[in-house]
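One structure is given here, and the rest of the page talks about it.
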Amino acid sequence: MYKTGISAFPYFVGIGSLAQIATPGDRVCVLNILGKESRQVTPVSHAFSRGNIVFGTSPGRRGDVLPTAIGDIPVFDSVREGLDAGHSFNTGVVYLPPAGVRDGVAELVRVNPELRKVIIITEKVSVHDSREIRAIGQSNGIDLFGANCLGVADSWNQIRIGGALGGDHPEESLRRGSVAVYSNSGNFTTTIAQYLGMAGWGTTTLISSGKDVYIHFAVREFAHALTNDTRSKAAVLYVEPGGYYEQTVDFTKPVVACVVGRWKARLTRAVGHAGAMAGHGDDAEAKEGWFKEALGVDQIFTPDTPVVSPKGAVVVNIAHIPLALTAVMRQNGIDPDFDPIGDLSLKCWFANNQGLGLPPHLDHQPVEALAPYNDQIAILKRQIGRTMPRQSMKDCSGATRMDAQTQITSVHGYSVLDLAKLPLEANFALPLVHEIADENDRILLDVAVAGEINLVGDPILVAADAARDAGNAPNAVMAASASIVGPKRMERALAATHRLIELFAHSGLTDPRDEAFDHSGVAIDEATKALFMADPDDPSERPSAMIQAVRRRGGRSVFLTLLESWGGRPSRDGVLAAIATSIAWRPLLRKRISRLTAGTLPWYLRLYGVLIGATIPGERHKRGSLWGVSREERFSAWTVTDFAFLAMTGKKPTEAEARPLQVLIGLLISNGPGAISAQGAKGAVSADGPQTPERVQINKAMVGFLTHTGYSHGGNGYEGMDFLLETFKNTGLTDPANPDHGIDLKGLARGFAETYKQDKTRAKELGLDGPRALPGVHHPVFRNKPVNHDPRERFIAAFMAERGDYNIFHQYYLALVQALYECGASPYVFCVNIDAVIASLLLALLWKDFKSGRLNERDLERAAFTIFLYGRMIGAAAEIDDHINRGRNMDTRTPVSKCSFVS
Amino acid sequence: MHITGMLHGAKLLGYVGFPTAEVLGPEADEQQIQALIDRYGSVFVKPVFRGGVGKKGKAGLIGRASDLKTALREKERLFFAEHQHGHAYAKAQGVTFEGAVPADHEVYFSITDSTVFRAPTMTLTHHGGVAIEDVNKAHIAHIPFEALTGLKAFVVANALEDIGAPLEIISPLVQQLPKLWELFHHYGMTTLELNPIRMSPGPNGRLIPIACDFKGGFDQDDPRWQRLDLPDRVFASDVSDFELEINRLRTYQGQSDVYVINPNGTILAPTFGGGANSLVSEVLGQDAIISSDFGGNPPYEKMREVARICYKHWLKQTNVLFIIGGKANNTDIFETCRAMADALRDHFSQHGPTPLYVVIGRGGPNLIRGMGAFAETLDALRLPYRMFGFDSAISEVVNYAQAVERWMKDGGRQEIARMLGIEDGR
């Protein structure tokens, strides 16, 4: 029943020489030519092989074509239809799904008497079908390749049939030479050719055999065809465990055999190549032995043990193939086909330590990639800043995240607890540049914000005062002012920032503090300069004062230097743009932030200044001074923390006063994207349509945040203060930070706890609601243990203890939870929660002013709310920027299906 | 995918009418066992292992009992028997009781696909009942036959004649053995082995071949085995939750083969293509958590899902995420890298950051776009990385990944955790 082929084989083999594997005369029909993989691969094969595919099939798609660079390939419903149309072919390529492969081979064989070769690309063909395909091929005299292979190629004739050997640029790997390649792995067929090329060896014929249980054109047939191929002087084989295909094969030409897969002996089922499961005596070790015997070597070749014979070598690492081949060929007096074009040493193309100090042996620096990849990398590197995929950002955030277990929120990876340890000016840029500001950036931030706070003469101040006079809470006052900082007011600052980024993006500037940077190569025209310079009718000295203040503080900015180098008076917008670009530059180059974020930074900086300024009563804003503090002093020495304290108390804080304020603001920065304030900010962005980011009104988004705060969300910090005031108002406390206060805190707590318990019991007996919930005590997450702690409270307590700071209110809270438990008012020791910490810190901060009468209870309430807004302003900026960068238009909508009606 | 033993083997042989020993499963009560002993004089008590488990007899894991007390004692001994065979370990989950079949002749029979003959091949000897490797080769027939026509009676007859089989067993075997081709070929099998087939006298004195042990291998890429209606658990021998989850993604458009090498490993190395899988797993050894071949050119959605599952199961313990392969032919590196990077970003979003160093070595279509996309994500996640071109030897890149791994173990992981501002939750 078998056709008779070459007499050397007990079964049919038709191909007698490697030169016959992929010839210029072969004409090809591709089954399922329009399938996903074929659609990508076949056009490249066709063009590379100068048009060897005569037609393809795809049932039901007769009349379609597969376009290629050298013309369309016609598509028919069936092979017979293609033949009837006058086409003829001798080679079939099968891209059908596994269940269709056997029938496809049968179709090719039955209807085309001229068929000689079939190449099956499909993986996962069942063994059942493979054994029948083998039988079909044998009984009809057809040479089969595959399945689960990547086809065959001929580097001499530049022919590729079947799969994707050489990838989308076959000419890179398929260089003409003297070595034939046979590989169980399709990928390694190309990779080996690539490796050989680097050592100066080109190829003749390349066969990706596949590694299913059935390998139809196996090593024995390859060896025979190698003998008869006058072009091939040697061969490289890559084989894996499983099957006896390589046993007792005689090679008449030098061979380097790479056997990989000793570890597979440990597997109990196939991973990857279905046929790479060894049975008895056909594992990798056995195969190494077969080849060692055939090639006359007694050891595996490695660079350290370069064991070769004139017949060949055995390696277990494909990277050793070129070296082994060269050594073998040297013994045969044969030189490489061409000069080596490289080596296989490590070449790093992309690297980033993210600021870590790596040991030298790991710290590989990028090298220039080989062509054309070097050009592609160069183009990629010209893209400045990070890009982010857009998605629905409803209820999610790429900026903030609250850990449900610890209730600790992080902003761009920084825990608010850690932020609480830092001054406000260090945190101000975080939402936008995703990093904590360093010393230089803090100087720039302080000056930028200082430059915006005094609102004298600006309608913003009128709006803020009007809102205040109308009895609004601080959030509405700030919203009124923010509304006025609209796009038109920002137009010039944003344009100037964009221009700076554009000009310096590829200038080589890496550190904007480097004022010696040679920017002579950056072409700056007059129109650009005009963007940064004050209008002739603008008499303000503020911009120049800002630059001088930066200098006095020791701040550095190459962009400010640039402005100074032009002479003349800069504008506020120009200075703001220069400062913002300086702050954003390094994160932008490191692709931590997008170009969009960097370009909008001035808007946020101005808003920060304006919002703080708006909380200072209008009568305190004077020309040249703010609440009696001169411009020079403010610009030269004041920090953002100082301004925040000024807004609440009318004075500059001492160091002891500044620290609790910074802790408070740090703690309040964010509660994650689910907080109402964050939702307000995100909704405002969503409504403007972040997919057209230039249309998003960042000031309006800030208004969205502000309108989504209120007496319950933000203003409730006062509840805790009110509770403490009630307790301490008659104690004679003068200094809450003095541990020698002389007050019996335990007794105070015990007294309150007893009363609380009695109220609770009475309310229960009468069936009434219990006494009001105690602000700052207990938490729905941190509960049910004998003693409970809010980890945030513990963190702050530890920080204060470390600094030697004392807070009587905090200590009272700790005594209170213990007393509540001891008198039976609580089933276990409640935690002191983070709200208690906030109330304690806040009241301590304002206690002296309150006792002196400078502040009344209403002022305390306003101060509590204002501090919340300062902190949350930072978190809101993070959400706004994040949503602009990632969100989709109107993505915060709730689908109707999830809404309900309540009657 | 293997089945050993008569618990399921008898059922499968029943589909093609091949006689088998009478078998009771683990649930058999004392009355049933006693009745079986009464009918056959004695019973074999064998542990039930899932998967392909051999050499039970040599390991002393086959008991024989001619009374109920002994049978129950053997049941107790073997019910949860543990068995190390080669690199594999198995634990029994029950026992079978098989009626002892009296016979003068024991036959070994198997069908498998021979890579020597490249055809389905029958192996047959009348000196069965022992391991085939222990039988004199002169008594063994290896006979390939035509897949399209199948195992025919004459093939069996000729083989038995060639090895000098006793005349009285030839006719019954010629009559019965060809049935096994039906089971082998039409139900997605890759191996079928019956050893021993005991030639037991029937009522009329004519010998009947009775299958007394069964081994079968099945092709996971052939849906024909599903016709056998076997319980799912039969093939759940050593598949972890992770592997099960990945296996659900198996389609012909890209395989998703995985194998957990070391559940305590610290390098997570998804590989693409069988060659890279072999080489990389070979060099990484026990550092690797999994060995995998996610096939060539996986579509974006599938690759993202594969990566999601890998990260879910292993990222927390991973020091090095290692994406490695040769110069891909048709795998779109951009799609692959983008999918894996997006999955990493998702994972960090959902589970928070984890200290990780990423090493990539790859070549192929859209390589630079792919590396660029991955680099950008890693920059955003603040993870250190190195990406090597395909002109770097794969093995050198593997060595680099291992060097990074050592550094991670030696304090690097803590450094990254500090840099990310997290506690290392591992």
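In the structure tokens, chains take the letters A, B, ... in the order shown, each chain's residues start at 1, and ligands count up from 1 in the order shown.
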What are the residues of chain A that have an atom within 6 Å of an atom of chain B, counting only C-alpha atoms, as JSON, numbers by chain?
{"A": [124, 126, 132, 164, 165, 166, 167, 185, 187, 191, 243, 244, 261, 263, 266, 271, 272, 273, 319, 344, 345, 346, 347, 348, 349, 350, 351, 352, 353, 354, 592]}
Which residues, written as a ChimeraX atom specification, have at least one atom at most 10 Å from range 59-70 of chain B, with only C-alpha atoms counted and residues fewer than 6 positions away on the same chain left out?
/B:30-31,33-38,40-47,76-78,81-85,95,97-100
Could you write those residues out with N, CA and C atoms, as a compact mmCIF listing (two decimals), in the first residue's frame?
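Okay, again.txt is ready:
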# COMPACT_ATOMS: atom_id res chain seq x y z
N GLU B 30 -18.58 -5.81 52.66
CA GLU B 30 -17.95 -7.09 53.01
C GLU B 30 -18.63 -8.27 52.31
N GLN B 31 -19.95 -8.17 52.17
CA GLN B 31 -20.68 -9.26 51.51
C GLN B 31 -20.24 -9.41 50.06
N ILE B 33 -17.41 -8.48 48.75
CA ILE B 33 -16.02 -8.97 48.68
C ILE B 33 -16.00 -10.48 48.92
N GLN B 34 -16.76 -10.90 49.93
CA GLN B 34 -16.80 -12.33 50.24
C GLN B 34 -17.34 -13.12 49.04
N ALA B 35 -18.37 -12.56 48.41
CA ALA B 35 -18.97 -13.25 47.26
C ALA B 35 -17.96 -13.37 46.12
N LEU B 36 -17.15 -12.31 45.95
CA LEU B 36 -16.12 -12.34 44.88
C LEU B 36 -15.08 -13.41 45.19
N ILE B 37 -14.69 -13.48 46.48
CA ILE B 37 -13.72 -14.51 46.88
C ILE B 37 -14.32 -15.90 46.64
N ASP B 38 -15.60 -16.02 46.98
CA ASP B 38 -16.26 -17.32 46.79
C ASP B 38 -16.25 -17.74 45.32
N TYR B 40 -14.12 -16.70 42.86
CA TYR B 40 -12.80 -16.83 42.21
C TYR B 40 -11.73 -17.49 43.08
N GLY B 41 -12.08 -17.79 44.31
CA GLY B 41 -11.10 -18.43 45.19
C GLY B 41 -10.22 -17.42 45.87
N SER B 42 -9.84 -16.39 45.19
CA SER B 42 -9.05 -15.32 45.81
C SER B 42 -9.26 -14.02 45.02
N VAL B 43 -8.85 -12.93 45.65
CA VAL B 43 -8.96 -11.63 44.97
C VAL B 43 -7.62 -10.90 45.06
N PHE B 44 -7.38 -10.05 44.06
CA PHE B 44 -6.25 -9.12 44.13
C PHE B 44 -6.77 -7.80 44.70
N VAL B 45 -6.03 -7.25 45.65
CA VAL B 45 -6.40 -5.94 46.20
C VAL B 45 -5.36 -4.94 45.69
N LYS B 46 -5.85 -3.96 44.96
CA LYS B 46 -4.90 -3.00 44.33
C LYS B 46 -5.28 -1.57 44.69
N PRO B 47 -4.30 -0.75 44.99
CA PRO B 47 -4.60 0.66 45.28
C PRO B 47 -5.05 1.39 44.01
N GLU B 76 -6.95 -1.98 54.14
CA GLU B 76 -6.49 -0.97 55.09
C GLU B 76 -5.05 -0.54 54.76
N ARG B 77 -4.24 -1.53 54.38
CA ARG B 77 -2.83 -1.24 54.08
C ARG B 77 -2.69 -0.37 52.82
N LEU B 78 -3.54 -0.63 51.85
CA LEU B 78 -3.33 -0.02 50.54
C LEU B 78 -4.22 1.17 50.24
N ALA B 81 -2.19 4.19 50.16
CA ALA B 81 -0.78 3.86 49.93
C ALA B 81 -0.08 4.99 49.16
N GLU B 82 1.19 5.22 49.51
CA GLU B 82 1.98 6.23 48.81
C GLU B 82 3.01 5.52 47.94
N HIS B 83 3.28 6.11 46.79
CA HIS B 83 4.11 5.41 45.80
C HIS B 83 5.00 6.41 45.06
N GLN B 84 6.29 6.24 45.21
CA GLN B 84 7.23 7.07 44.46
C GLN B 84 7.73 6.26 43.27
N HIS B 85 7.45 6.72 42.08
CA HIS B 85 7.92 6.00 40.90
C HIS B 85 8.60 6.99 39.97
N VAL B 95 -9.16 1.35 46.98
CA VAL B 95 -8.63 0.11 46.42
C VAL B 95 -9.69 -0.54 45.53
N PHE B 97 -10.98 -4.52 44.26
CA PHE B 97 -10.89 -5.95 44.51
C PHE B 97 -11.16 -6.62 43.17
N GLU B 98 -10.21 -7.39 42.71
CA GLU B 98 -10.34 -8.02 41.38
C GLU B 98 -10.29 -9.52 41.53
N GLY B 99 -11.29 -10.18 40.98
CA GLY B 99 -11.34 -11.64 41.06
C GLY B 99 -10.12 -12.24 40.39
N ALA B 100 -9.44 -13.17 41.07
CA ALA B 100 -8.24 -13.81 40.50
C ALA B 100 -8.68 -14.78 39.40
What parts of range 652-722 of chain A does DSSP call alpha helix (DSSP H)? I'd like the answer as a ChimeraX atom specification.
/A:655-668,676-688,698-707,717-722
Which of range 45-285 of chain A DSSP labels strand (DSSP E or B), written as JSON, numbers by chain:
{"A": [53, 54, 55, 56, 57, 65, 66, 73, 74, 75, 76, 91, 92, 93, 94, 117, 118, 119, 120, 143, 144, 145, 146, 152, 153, 154, 159, 160, 161, 176, 177, 178, 179, 180, 181, 182, 183, 203, 204, 205, 206, 207, 208, 234, 235, 236, 237, 238, 239, 255, 256, 257, 258, 259]}
